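To be precise, the following lines are protein-v3.cif, and they hold mmCIF, C-alpha atoms.
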```
data_start
loop_
_atom_site.label_atom_id
_atom_site.label_comp_id
_atom_site.auth_asym_id
_atom_site.auth_seq_id
_atom_site.Cartn_x
_atom_site.Cartn_y
_atom_site.Cartn_z
CA MET A 1 -20.37 -4.22 -18.58
CA LYS A 2 -18.09 -6.81 -16.99
CA ILE A 3 -14.99 -5.63 -15.16
CA LEU A 4 -12.05 -7.68 -13.86
CA ILE A 5 -9.89 -6.19 -11.09
CA SER A 6 -6.58 -7.79 -10.11
CA GLY A 7 -5.85 -7.19 -6.42
CA ALA A 8 -8.15 -7.21 -3.41
CA SER A 9 -6.35 -5.09 -0.83
CA VAL A 10 -7.32 -1.39 -0.82
CA GLY A 11 -7.68 0.07 -4.31
CA GLY A 12 -9.38 -3.03 -5.75
CA PRO A 13 -12.36 -3.16 -3.37
CA VAL A 14 -12.87 0.63 -3.56
CA LEU A 15 -12.84 0.50 -7.36
CA ALA A 16 -15.32 -2.40 -7.26
CA TYR A 17 -17.61 -0.48 -4.88
CA TRP A 18 -17.85 2.57 -7.11
CA LEU A 19 -18.08 0.62 -10.37
CA ARG A 20 -21.04 -1.31 -8.98
CA ARG A 21 -22.65 2.00 -8.06
CA HIS A 22 -22.32 2.92 -11.75
CA GLY A 23 -23.94 -0.35 -12.84
CA TYR A 24 -20.87 -2.45 -13.69
CA GLU A 25 -20.51 -6.15 -12.91
CA THR A 26 -17.21 -6.62 -11.06
CA THR A 27 -14.94 -9.56 -10.29
CA LEU A 28 -11.80 -9.27 -8.14
CA VAL A 29 -9.06 -11.87 -8.46
CA GLU A 30 -6.43 -12.17 -5.73
CA ARG A 31 -3.35 -14.42 -5.82
CA ALA A 32 -3.43 -14.97 -2.04
CA PRO A 33 -5.63 -17.89 -0.92
CA ALA A 34 -7.56 -15.65 1.48
CA PRO A 35 -7.63 -11.98 2.54
CA ARG A 36 -4.08 -11.07 3.50
CA LYS A 37 -3.48 -10.52 7.21
CA GLY A 38 -0.83 -8.40 8.85
CA GLY A 39 0.72 -5.32 7.35
CA GLN A 40 1.73 -1.93 8.63
CA ALA A 41 -0.20 0.99 10.02
CA ILE A 42 -1.44 3.08 7.10
CA ASP A 43 -2.88 6.57 6.86
CA ILE A 44 -6.00 8.06 5.28
CA ARG A 45 -5.60 11.76 4.60
CA GLY A 46 -7.09 14.67 2.75
CA ALA A 47 -9.11 13.72 -0.31
CA ALA A 48 -9.00 10.04 0.71
CA LEU A 49 -11.09 10.90 3.78
CA THR A 50 -13.71 12.24 1.38
CA VAL A 51 -13.74 8.92 -0.50
CA VAL A 52 -14.35 6.75 2.57
CA ALA A 53 -16.95 9.23 3.83
CA LYS A 54 -18.80 8.97 0.51
CA MET A 55 -18.67 5.18 0.86
CA GLY A 56 -20.33 5.41 4.27
CA VAL A 57 -17.52 3.55 6.04
CA ILE A 58 -15.65 6.38 7.74
CA GLU A 59 -17.19 5.71 11.16
CA GLN A 60 -16.20 2.04 10.95
CA ILE A 61 -12.67 3.11 10.07
CA LYS A 62 -12.52 5.58 12.96
CA ALA A 63 -13.68 2.84 15.32
CA LEU A 64 -10.63 0.74 14.38
CA ARG A 65 -8.04 3.51 14.26
CA THR A 66 -4.77 2.80 16.04
CA THR A 67 -5.19 5.38 18.85
CA MET A 68 -1.49 5.59 19.59
CA ARG A 69 -0.55 7.53 22.74
CA GLY A 70 2.89 8.49 21.51
CA MET A 71 6.31 7.32 20.46
CA SER A 72 9.92 7.09 21.56
CA MET A 73 13.31 6.50 19.95
CA VAL A 74 16.10 4.42 21.47
CA ASP A 75 19.75 3.72 20.69
CA GLY A 76 21.45 0.34 20.35
CA ASP A 77 21.69 -0.02 24.13
CA GLY A 78 18.03 0.79 24.67
CA ASN A 79 18.66 4.29 25.99
CA GLU A 80 15.78 6.59 25.19
CA LEU A 81 16.77 9.44 22.89
CA MET A 82 13.43 11.22 22.65
CA ARG A 83 9.76 10.84 23.45
CA SER A 84 6.61 12.51 22.11
CA TYR A 85 2.98 12.50 23.19
CA GLU A 86 1.96 14.79 20.33
CA GLU A 87 2.80 12.74 17.22
CA THR A 88 4.22 9.51 15.82
CA VAL A 89 6.46 8.88 12.85
CA SER A 90 3.88 6.60 11.25
CA GLY A 91 0.74 8.64 11.79
CA GLY A 92 1.84 12.26 12.16
CA ARG A 93 0.37 14.76 14.61
CA PHE A 94 -2.52 13.67 16.80
CA ASP A 95 -4.34 16.97 16.26
CA SER A 96 -4.63 16.41 12.49
CA PRO A 97 -7.80 15.02 10.84
CA ASP A 98 -5.85 12.03 9.49
CA ILE A 99 -6.84 8.48 10.39
CA GLU A 100 -4.22 5.78 11.04
CA ILE A 101 -5.44 2.18 10.80
CA MET A 102 -3.86 -1.23 10.39
CA ARG A 103 -3.85 -2.36 6.76
CA ASP A 104 -5.75 -5.61 7.38
CA ASP A 105 -8.45 -3.78 9.38
CA LEU A 106 -9.01 -1.35 6.51
CA THR A 107 -9.07 -4.13 3.92
CA ALA A 108 -11.73 -6.01 5.90
CA ILE A 109 -13.95 -2.92 6.05
CA LEU A 110 -13.59 -2.14 2.35
CA THR A 111 -14.19 -5.75 1.31
CA ALA A 112 -17.38 -5.92 3.37
CA ALA A 113 -18.61 -2.74 1.68
CA THR A 114 -18.46 -4.30 -1.80
CA GLU A 115 -21.56 -6.45 -1.40
CA GLY A 116 -22.41 -8.12 -4.70
CA ALA A 117 -18.88 -8.08 -6.12
CA GLU A 118 -17.34 -11.48 -6.85
CA TYR A 119 -14.05 -12.31 -5.10
CA VAL A 120 -11.85 -15.10 -6.46
CA TYR A 121 -8.94 -15.98 -4.15
CA GLY A 122 -6.02 -18.25 -4.92
CA ASP A 123 -5.87 -17.39 -8.62
CA SER A 124 -4.19 -14.87 -10.90
CA ILE A 125 -4.22 -13.64 -14.47
CA ALA A 126 -1.94 -15.65 -16.79
CA THR A 127 -2.60 -13.93 -20.12
CA LEU A 128 -4.40 -10.89 -21.51
CA ALA A 129 -5.46 -10.50 -25.14
CA GLN A 130 -7.43 -7.37 -25.94
CA ASP A 131 -9.18 -6.02 -29.00
CA ASP A 132 -11.36 -2.99 -29.65
CA ASP A 133 -14.35 -4.52 -27.87
CA GLY A 134 -12.92 -6.31 -24.82
CA VAL A 135 -10.20 -8.34 -23.14
CA ASP A 136 -9.86 -12.12 -23.22
CA VAL A 137 -8.34 -13.39 -19.97
CA THR A 138 -6.82 -16.75 -19.14
CA PHE A 139 -6.30 -17.42 -15.45
CA GLU A 140 -3.55 -19.51 -13.90
CA SER A 141 -6.26 -21.97 -12.86
CA GLY A 142 -7.03 -22.53 -16.54
CA ARG A 143 -10.34 -20.70 -16.45
CA GLN A 144 -11.05 -18.33 -19.36
CA ALA A 145 -13.38 -15.34 -19.52
CA ARG A 146 -13.95 -12.13 -21.46
CA TYR A 147 -14.29 -8.69 -19.87
CA ASP A 148 -14.97 -5.20 -21.08
CA TYR A 149 -12.09 -3.80 -19.02
CA VAL A 150 -9.27 -5.15 -16.85
CA PHE A 151 -7.81 -3.04 -14.03
CA GLY A 152 -4.62 -3.65 -12.10
CA ALA A 153 -4.76 -2.80 -8.39
CA ASP A 154 -2.08 -5.37 -7.65
CA GLY A 155 0.76 -3.44 -6.10
CA LEU A 156 4.36 -2.51 -6.78
CA HIS A 157 5.06 -5.75 -8.66
CA SER A 158 1.80 -5.58 -10.62
CA ASN A 159 1.04 -8.63 -12.72
CA VAL A 160 -1.39 -6.64 -14.88
CA ARG A 161 1.27 -4.00 -15.55
CA LYS A 162 3.73 -6.68 -16.61
CA LEU A 163 1.24 -8.35 -18.97
CA ALA A 164 0.01 -5.11 -20.55
CA PHE A 165 3.08 -2.85 -20.44
CA GLY A 166 6.07 -5.19 -20.15
CA PRO A 167 8.76 -5.87 -17.50
CA GLU A 168 8.70 -3.69 -14.39
CA GLU A 169 12.31 -2.47 -14.44
CA PRO A 170 11.78 0.60 -16.69
CA PHE A 171 8.97 1.82 -14.40
CA LEU A 172 10.59 1.35 -10.98
CA SER A 173 12.68 4.05 -9.35
CA HIS A 174 14.52 2.50 -6.39
CA LEU A 175 15.18 4.64 -3.31
CA GLY A 176 17.94 2.49 -1.81
CA MET A 177 15.99 1.14 1.18
CA TYR A 178 14.26 -2.15 2.04
CA VAL A 179 11.61 -2.80 4.65
CA SER A 180 9.85 -5.73 6.27
CA ILE A 181 6.76 -5.91 8.45
CA PHE A 182 5.43 -8.81 10.52
CA THR A 183 3.44 -9.61 13.66
CA ALA A 184 4.98 -10.88 16.91
CA ASP A 185 3.96 -11.48 20.49
CA ASN A 186 4.13 -8.21 22.40
CA PHE A 187 6.98 -9.24 24.70
CA LEU A 188 7.88 -5.54 25.11
CA GLY A 189 4.55 -4.75 26.75
CA LEU A 190 3.81 -1.85 24.39
CA ASP A 191 0.47 -0.18 25.08
CA HIS A 192 -0.69 1.95 22.13
CA TRP A 193 2.90 3.02 21.75
CA GLN A 194 5.60 2.83 19.12
CA THR A 195 9.35 2.69 19.58
CA TRP A 196 11.82 3.47 16.81
CA PHE A 197 15.47 2.46 16.62
CA ARG A 198 18.38 2.71 14.19
CA GLU A 199 22.04 1.73 14.05
CA GLY A 200 24.02 2.58 10.96
CA ASP A 201 22.08 1.59 7.86
CA ALA A 202 19.62 -0.70 9.67
CA GLY A 203 16.65 0.11 11.87
CA GLY A 204 12.95 -0.16 12.34
CA ALA A 205 10.07 0.21 14.74
CA VAL A 206 7.77 -1.77 16.98
CA PHE A 207 4.23 -0.71 17.77
CA SER A 208 1.32 -2.28 19.56
CA ASP A 209 -1.68 -3.55 17.67
CA ARG A 210 -5.28 -2.88 18.71
CA ASP A 211 -4.90 -6.23 20.44
CA THR A 212 -2.06 -5.35 22.78
CA ALA A 213 -1.12 -9.02 23.11
CA VAL A 214 0.64 -8.64 19.77
CA MET A 215 2.77 -6.00 18.11
CA ARG A 216 3.73 -5.12 14.55
CA VAL A 217 7.45 -5.15 13.84
CA ASN A 218 9.17 -3.13 11.15
CA LEU A 219 12.77 -4.03 10.29
CA GLY A 220 14.69 -2.61 7.36
CA PHE A 221 18.03 -1.52 6.01
CA GLY A 222 19.64 0.84 3.54
CA ALA A 223 19.84 4.59 3.20
CA TRP A 224 17.85 6.83 0.92
CA GLY A 225 19.67 7.29 -2.39
CA GLN A 226 22.47 4.98 -1.25
CA SER A 227 22.37 2.74 -4.29
CA THR A 228 20.74 2.81 -7.69
CA ASP A 229 21.36 -0.92 -8.16
CA PRO A 230 18.52 -2.89 -6.54
CA ILE A 231 19.21 -6.10 -4.66
CA ASP A 232 18.40 -9.16 -6.73
CA TYR A 233 15.86 -11.22 -4.81
CA ASP A 234 12.73 -13.23 -5.52
CA TYR A 235 9.79 -11.23 -4.18
CA ARG A 236 7.84 -14.49 -3.69
CA ASP A 237 10.61 -16.28 -1.76
CA VAL A 238 9.84 -15.40 1.87
CA ASP A 239 12.75 -17.39 3.33
CA GLN A 240 15.21 -15.54 1.10
CA GLN A 241 13.73 -12.22 2.20
CA LYS A 242 13.99 -13.16 5.87
CA ARG A 243 17.64 -14.08 5.33
CA LEU A 244 18.24 -10.63 3.84
CA ILE A 245 16.75 -8.96 6.92
CA GLU A 246 18.78 -11.18 9.26
CA GLU A 247 21.96 -10.50 7.29
CA HIS A 248 21.57 -6.73 7.50
CA CYS A 249 20.05 -6.43 10.99
CA SER A 250 21.72 -9.17 13.03
CA GLY A 251 24.45 -6.85 14.31
CA MET A 252 22.00 -4.50 15.98
CA GLY A 253 21.56 -4.23 19.72
CA TRP A 254 18.58 -3.50 21.98
CA GLU A 255 15.81 -6.11 21.44
CA VAL A 256 16.60 -6.76 17.78
CA PRO A 257 17.92 -10.35 18.31
CA LYS A 258 14.55 -11.28 19.84
CA LEU A 259 12.72 -9.52 17.02
CA LEU A 260 14.71 -11.52 14.47
CA GLU A 261 13.84 -14.71 16.31
CA ALA A 262 10.16 -13.75 16.15
CA MET A 263 10.51 -12.95 12.45
CA TRP A 264 11.29 -16.57 11.61
CA LYS A 265 8.07 -17.66 13.32
CA ALA A 266 5.87 -15.05 11.62
CA ASP A 267 3.41 -16.27 9.02
CA ASP A 268 2.45 -12.79 7.80
CA PHE A 269 5.94 -11.57 6.84
CA TYR A 270 6.13 -8.90 4.15
CA PHE A 271 9.28 -7.51 2.52
CA ASP A 272 9.94 -5.16 -0.34
CA ALA A 273 12.10 -2.37 -1.67
CA MET A 274 11.32 1.26 -1.13
CA ALA A 275 10.56 2.30 -4.70
CA GLN A 276 8.32 4.49 -6.79
CA VAL A 277 6.50 3.64 -10.00
CA LYS A 278 6.62 6.27 -12.71
CA MET A 279 4.83 5.77 -16.02
CA GLU A 280 4.02 8.05 -18.93
CA ARG A 281 0.50 6.62 -19.05
CA TRP A 282 -1.52 4.34 -16.76
CA SER A 283 -3.73 2.77 -19.42
CA LYS A 284 -3.29 0.78 -22.58
CA GLY A 285 -6.34 -0.06 -24.63
CA ARG A 286 -8.90 -1.50 -22.23
CA VAL A 287 -6.42 -2.09 -19.39
CA ALA A 288 -5.62 0.50 -16.71
CA LEU A 289 -3.73 0.69 -13.40
CA ILE A 290 -4.53 2.25 -10.03
CA GLY A 291 -2.60 2.74 -6.80
CA ASP A 292 0.88 1.27 -6.38
CA ALA A 293 0.58 -0.63 -9.67
CA GLY A 294 0.58 2.63 -11.63
CA TYR A 295 2.02 5.28 -9.32
CA CYS A 296 3.51 3.85 -6.13
CA ALA A 297 4.81 6.70 -4.00
CA SER A 298 6.61 4.35 -1.54
CA PRO A 299 5.95 4.09 2.21
CA LEU A 300 8.33 7.04 2.63
CA SER A 301 5.57 9.30 1.31
CA GLY A 302 2.93 8.11 3.78
CA GLN A 303 0.41 8.51 0.96
CA GLY A 304 0.24 5.15 -0.79
CA THR A 305 -3.14 4.21 0.68
CA SER A 306 -4.65 7.62 0.01
CA LEU A 307 -3.47 7.54 -3.61
CA ALA A 308 -5.13 4.14 -4.10
CA LEU A 309 -8.40 5.30 -2.52
CA VAL A 310 -8.58 8.49 -4.57
CA GLY A 311 -7.41 6.85 -7.79
CA ALA A 312 -10.09 4.17 -7.54
CA TYR A 313 -12.79 6.76 -6.95
CA VAL A 314 -11.72 9.00 -9.83
CA LEU A 315 -11.34 6.15 -12.33
CA ALA A 316 -14.75 4.71 -11.49
CA GLN A 317 -16.36 8.15 -11.65
CA GLU A 318 -14.93 8.89 -15.10
CA LEU A 319 -15.81 5.45 -16.41
CA GLY A 320 -19.38 5.97 -15.24
CA ARG A 321 -19.57 9.34 -16.98
CA ASP A 322 -18.08 8.49 -20.36
CA PRO A 323 -16.15 5.25 -21.04
CA LEU A 324 -14.61 6.65 -24.23
CA ALA A 325 -13.01 9.61 -22.45
CA ALA A 326 -12.55 7.96 -19.04
CA PHE A 327 -8.85 7.13 -19.18
CA ASP A 328 -7.85 10.55 -20.51
CA ARG A 329 -9.87 12.29 -17.79
CA TYR A 330 -8.43 9.92 -15.16
CA GLU A 331 -4.91 10.94 -16.24
CA GLU A 332 -5.79 14.63 -16.34
CA ARG A 333 -7.25 14.68 -12.84
CA MET A 334 -4.89 12.28 -11.09
CA ARG A 335 -1.43 13.04 -12.46
CA PRO A 336 -0.85 16.37 -10.64
CA PHE A 337 -2.11 14.76 -7.42
CA VAL A 338 0.20 11.77 -7.88
CA GLU A 339 3.24 13.93 -8.62
CA GLN A 340 2.75 16.06 -5.52
CA ASN A 341 2.38 13.01 -3.29
CA GLN A 342 5.33 11.16 -4.80
CA ALA A 343 7.45 14.24 -4.11
CA LEU A 344 6.81 13.80 -0.37
CA ALA A 345 9.13 10.78 -0.28
CA LEU A 346 11.97 12.88 -1.64
CA GLU A 347 11.43 16.10 0.29
CA ASN A 348 13.49 15.41 3.39
CA PRO A 349 15.29 12.04 3.19
CA GLY A 350 15.58 10.27 6.51
CA GLN A 351 13.32 12.73 8.32
CA GLY A 352 10.06 12.71 6.37
CA ALA A 353 8.14 15.50 4.72
CA SER A 354 6.84 18.37 6.84
CA PRO A 355 3.24 18.14 8.10
CA GLU A 356 2.43 21.20 6.01
CA SER A 357 3.71 19.53 2.83
CA VAL A 358 1.81 16.34 3.58
CA GLN A 359 -1.51 18.12 4.11
CA ARG A 360 -0.96 20.31 1.05
CA ALA A 361 -0.32 17.27 -1.15
CA ALA A 362 -3.16 15.24 0.41
CA THR A 363 -5.71 17.93 -0.40
CA SER A 364 -4.40 18.92 -3.83
CA ILE A 365 -7.27 17.30 -5.73
CA THR A 366 -10.95 18.23 -5.71
CA LEU A 367 -13.52 15.43 -5.63
CA ASP A 368 -17.16 15.93 -6.56
#
```
Any chance you could put this one into structure tokens?
Amino acid sequence: MKILISGASVGGPVLAYWLRRHGYETTLVERAPAPRKGGQAIDIRGAALTVVAKMGVIEQIKALRTTMRGMSMVDGDGNELMRSYEETVSGGRFDSPDIEIMRDDLTAILTAATEGAEYVYGDSIATLAQDDDGVDVTFESGRQARYDYVFGADGLHSNVRKLAFGPEEPFLSHLGMYVSIFTADNFLGLDHWQTWFREGDAGGAVFSDRDTAVMRVNLGFGAWGQSTDPIDYDYRDVDQQKRLIEEHCSGMGWEVPKLLEAMWKADDFYFDAMAQVKMERWSKGRVALIGDAGYCASPLSGQGTSLALVGAYVLAQELGRDPLAAFDRYEERMRPFVEQNQALALENPGQGASPESVQRAATSITLD
């Protein structure tokens, strides 16, 4: 069987890996012209650790983990409010089994593991037309092909979801916050350290990369539940997004003016709303969704990456067992897991879910 996967970040490559193990021919199409660089530190927890262990890449992932030494929080004048050598906001407690890794490092490892899968960069799906036996696909490049199944692993603003299920608005639940992430020169001299800051409804964090010559910067604004009306912006217009960050963060103190200056030079800038995706069903005919495309939990949950890893594994496993029952079994196994992990973002607004809740949700599915 021939499978088309839209999205080549985390869920897409993992799905391709396991589908190839079950004998499927896989093609991944990615709108970006090359593997995306940059991104935030992401976590692999609970059942997701089982997935990467089964793939044989867990030691590679451990070798590239962030190895943070700790974190601090400062006020608008740069005065330190607290410091911890036991945990970080982004990665949790150091004595947990969780692995924190930069998004682009993880993507590189997962992509390399999918030997034999075809990757097509700089293209996207323009149309889908499915019947009982397959899906006819027209790409934006003009190329046409037919596949047995099409899977969307293409994020919060999933193109596959839009084509198969309709506009995104009915499926998105906005949480009132917006976040950006980009890379900058490490002019703060951070050494495996992260510093968090907030003034009013704006704030963020800076943390050193594995290469301590650079740092990842997180700037955002808004308050959880503050507004149910999302800001109208073009999620492909990077300059507009940078202007939004500057508008909401320019009044902040500490080193924020320098961070904003660095933002305008960054070529890996990412911006989006904090939102969740909630759907009654993640498949329609021969099209199905995984990860953020179908059940985004938002960065506030800390479980987006783990949901994508586990979802890809479960979908591939069920498709390999029985294609006719695969989507129903995928729903049956994944939905309780998704609901528990989405609830993490809502448990304690502004503070984050408790470590006990996170571990309970992360291990609430059994993988065989």
>> What would the selection look like, as an MDAnalysis selection string, if the PyMOL selection byres ((chain A and resi 190-193) around 10) were run on the coordinates I just shared?
In response: chainID A and resid 66:72 85 88 186:189 194:195 206:215
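Note that the spacing between atom CA of Arg286 of chain A and atom CA of Ala126 of chain A amounts to 16.7 Å.
Each of A:Asp368, A:Glu356, A:Glu100, A:Glu339 was compared to Gln317 of chain A using all atoms listed in the file, and A:Asp368 turns out to be the nearest.
Among the candidates A:Gly285, A:Pro230, A:Gly200, A:Pro323, the one nearest to His248 of chain A when counting only C-alpha atoms is A:Gly200.
Shown here are all protein and nucleic acid residues lying within 9 Å of (-18.9, -2.5, -3.9), with only C-alpha atoms considered: A:Pro13, A:Val14, A:Leu15, A:Ala16, A:Tyr17, A:Trp18, A:Leu19, A:Arg20, A:Arg21, A:Thr26, A:Leu110, A:Thr111, A:Ala112, A:Ala113, A:Thr114, A:Glu115, A:Gly116, A:Ala117.
Residues with any atom within 6 Å of Phe269 of chain A, counting all atoms listed in the file and excluding same-chain neighbours fewer than 2 positions away, are Ile181, Phe182, Ala266 and Asp267 of chain A.
Closest approach to Gly166 of chain A from the set A:Met279, A:Val120, A:Met102, A:Ile365 is made by A:Met279, with distances taken over all atoms listed in the file.
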>> Which residues would end up in the selection if the PyMOL selection byres ((chain A and resi 103-105) around 6) were applied here, given that I need the answer as a VMD selection string?
In response: chain A and resid 37 to 42 102 106 to 108
Please evaluate the PyMOL selection byres ((chain A and resi 330-333) around 8) against the displayed coordinates and give the resulting residues as a CSV table (one decimal) with C-alpha atoms, in the frame of the given file.
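Saved result, part-v5.csv, follows:
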```
chain,number,residue,atom,x,y,z
A,281,ARG,CA,0.5,6.6,-19.0
A,282,TRP,CA,-1.5,4.3,-16.8
A,314,VAL,CA,-11.7,9.0,-9.8
A,315,LEU,CA,-11.3,6.2,-12.3
A,318,GLU,CA,-14.9,8.9,-15.1
A,326,ALA,CA,-12.6,8.0,-19.0
A,327,PHE,CA,-8.8,7.1,-19.2
A,328,ASP,CA,-7.8,10.6,-20.5
A,329,ARG,CA,-9.9,12.3,-17.8
A,334,MET,CA,-4.9,12.3,-11.1
A,335,ARG,CA,-1.4,13.0,-12.5
A,336,PRO,CA,-0.8,16.4,-10.6
A,337,PHE,CA,-2.1,14.8,-7.4
A,365,ILE,CA,-7.3,17.3,-5.7
```
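Of note, atom CA of Ser306 of chain A and atom CA of Phe94 of chain A are spaced 18.0 Å apart.
With atom CA of Asp148 of chain A on one side and atom CA of Ala32 of chain A on the other, the separation reads 24.3 Å.
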Complete the atom set of segment 239-250 of chain A to N, CA, C and O atoms and return it as a PDB file, in the frame of the given file.
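Result file is out-v1.pdb:
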```pdb
ATOM      1  N   ASP A 239      11.548 -16.990   2.581  1.00  0.00           N
ATOM      2  CA  ASP A 239      12.750 -17.390   3.330  1.00  0.00           C
ATOM      3  C   ASP A 239      13.959 -16.574   2.888  1.00  0.00           C
ATOM      4  O   ASP A 239      14.779 -16.154   3.719  1.00  0.00           O
ATOM      5  N   GLN A 240      14.099 -16.351   1.598  1.00  0.00           N
ATOM      6  CA  GLN A 240      15.210 -15.540   1.100  1.00  0.00           C
ATOM      7  C   GLN A 240      15.125 -14.113   1.644  1.00  0.00           C
ATOM      8  O   GLN A 240      16.123 -13.516   2.039  1.00  0.00           O
ATOM      9  N   GLN A 241      13.923 -13.573   1.692  1.00  0.00           N
ATOM     10  CA  GLN A 241      13.730 -12.220   2.200  1.00  0.00           C
ATOM     11  C   GLN A 241      14.052 -12.139   3.684  1.00  0.00           C
ATOM     12  O   GLN A 241      14.665 -11.164   4.148  1.00  0.00           O
ATOM     13  N   LYS A 242      13.662 -13.146   4.440  1.00  0.00           N
ATOM     14  CA  LYS A 242      13.990 -13.160   5.870  1.00  0.00           C
ATOM     15  C   LYS A 242      15.505 -13.246   6.075  1.00  0.00           C
ATOM     16  O   LYS A 242      16.053 -12.627   6.998  1.00  0.00           O
ATOM     17  N   ARG A 243      16.180 -13.992   5.213  1.00  0.00           N
ATOM     18  CA  ARG A 243      17.640 -14.080   5.330  1.00  0.00           C
ATOM     19  C   ARG A 243      18.282 -12.721   5.053  1.00  0.00           C
ATOM     20  O   ARG A 243      19.282 -12.357   5.684  1.00  0.00           O
ATOM     21  N   LEU A 244      17.720 -11.966   4.119  1.00  0.00           N
ATOM     22  CA  LEU A 244      18.240 -10.630   3.840  1.00  0.00           C
ATOM     23  C   LEU A 244      18.112  -9.718   5.066  1.00  0.00           C
ATOM     24  O   LEU A 244      19.037  -8.987   5.413  1.00  0.00           O
ATOM     25  N   ILE A 245      16.953  -9.773   5.715  1.00  0.00           N
ATOM     26  CA  ILE A 245      16.750  -8.960   6.920  1.00  0.00           C
ATOM     27  C   ILE A 245      17.717  -9.400   8.010  1.00  0.00           C
ATOM     28  O   ILE A 245      18.351  -8.559   8.681  1.00  0.00           O
ATOM     29  N   GLU A 246      17.863 -10.705   8.216  1.00  0.00           N
ATOM     30  CA  GLU A 246      18.780 -11.180   9.260  1.00  0.00           C
ATOM     31  C   GLU A 246      20.219 -10.769   8.950  1.00  0.00           C
ATOM     32  O   GLU A 246      20.970 -10.350   9.838  1.00  0.00           O
ATOM     33  N   GLU A 247      20.606 -10.862   7.691  1.00  0.00           N
ATOM     34  CA  GLU A 247      21.960 -10.500   7.290  1.00  0.00           C
ATOM     35  C   GLU A 247      22.271  -9.037   7.601  1.00  0.00           C
ATOM     36  O   GLU A 247      23.362  -8.708   8.094  1.00  0.00           O
ATOM     37  N   HIS A 248      21.318  -8.166   7.351  1.00  0.00           N
ATOM     38  CA  HIS A 248      21.570  -6.730   7.500  1.00  0.00           C
ATOM     39  C   HIS A 248      21.248  -6.201   8.899  1.00  0.00           C
ATOM     40  O   HIS A 248      21.702  -5.112   9.252  1.00  0.00           O
ATOM     41  N   CYS A 249      20.475  -6.936   9.683  1.00  0.00           N
ATOM     42  CA  CYS A 249      20.050  -6.430  10.990  1.00  0.00           C
ATOM     43  C   CYS A 249      20.595  -7.213  12.167  1.00  0.00           C
ATOM     44  O   CYS A 249      20.384  -6.812  13.323  1.00  0.00           O
ATOM     45  N   SER A 250      21.303  -8.307  11.927  1.00  0.00           N
ATOM     46  CA  SER A 250      21.720  -9.170  13.030  1.00  0.00           C
ATOM     47  C   SER A 250      22.758  -8.533  13.946  1.00  0.00           C
ATOM     48  O   SER A 250      22.943  -8.959  15.087  1.00  0.00           O
TER      49      SER A 250
END
```
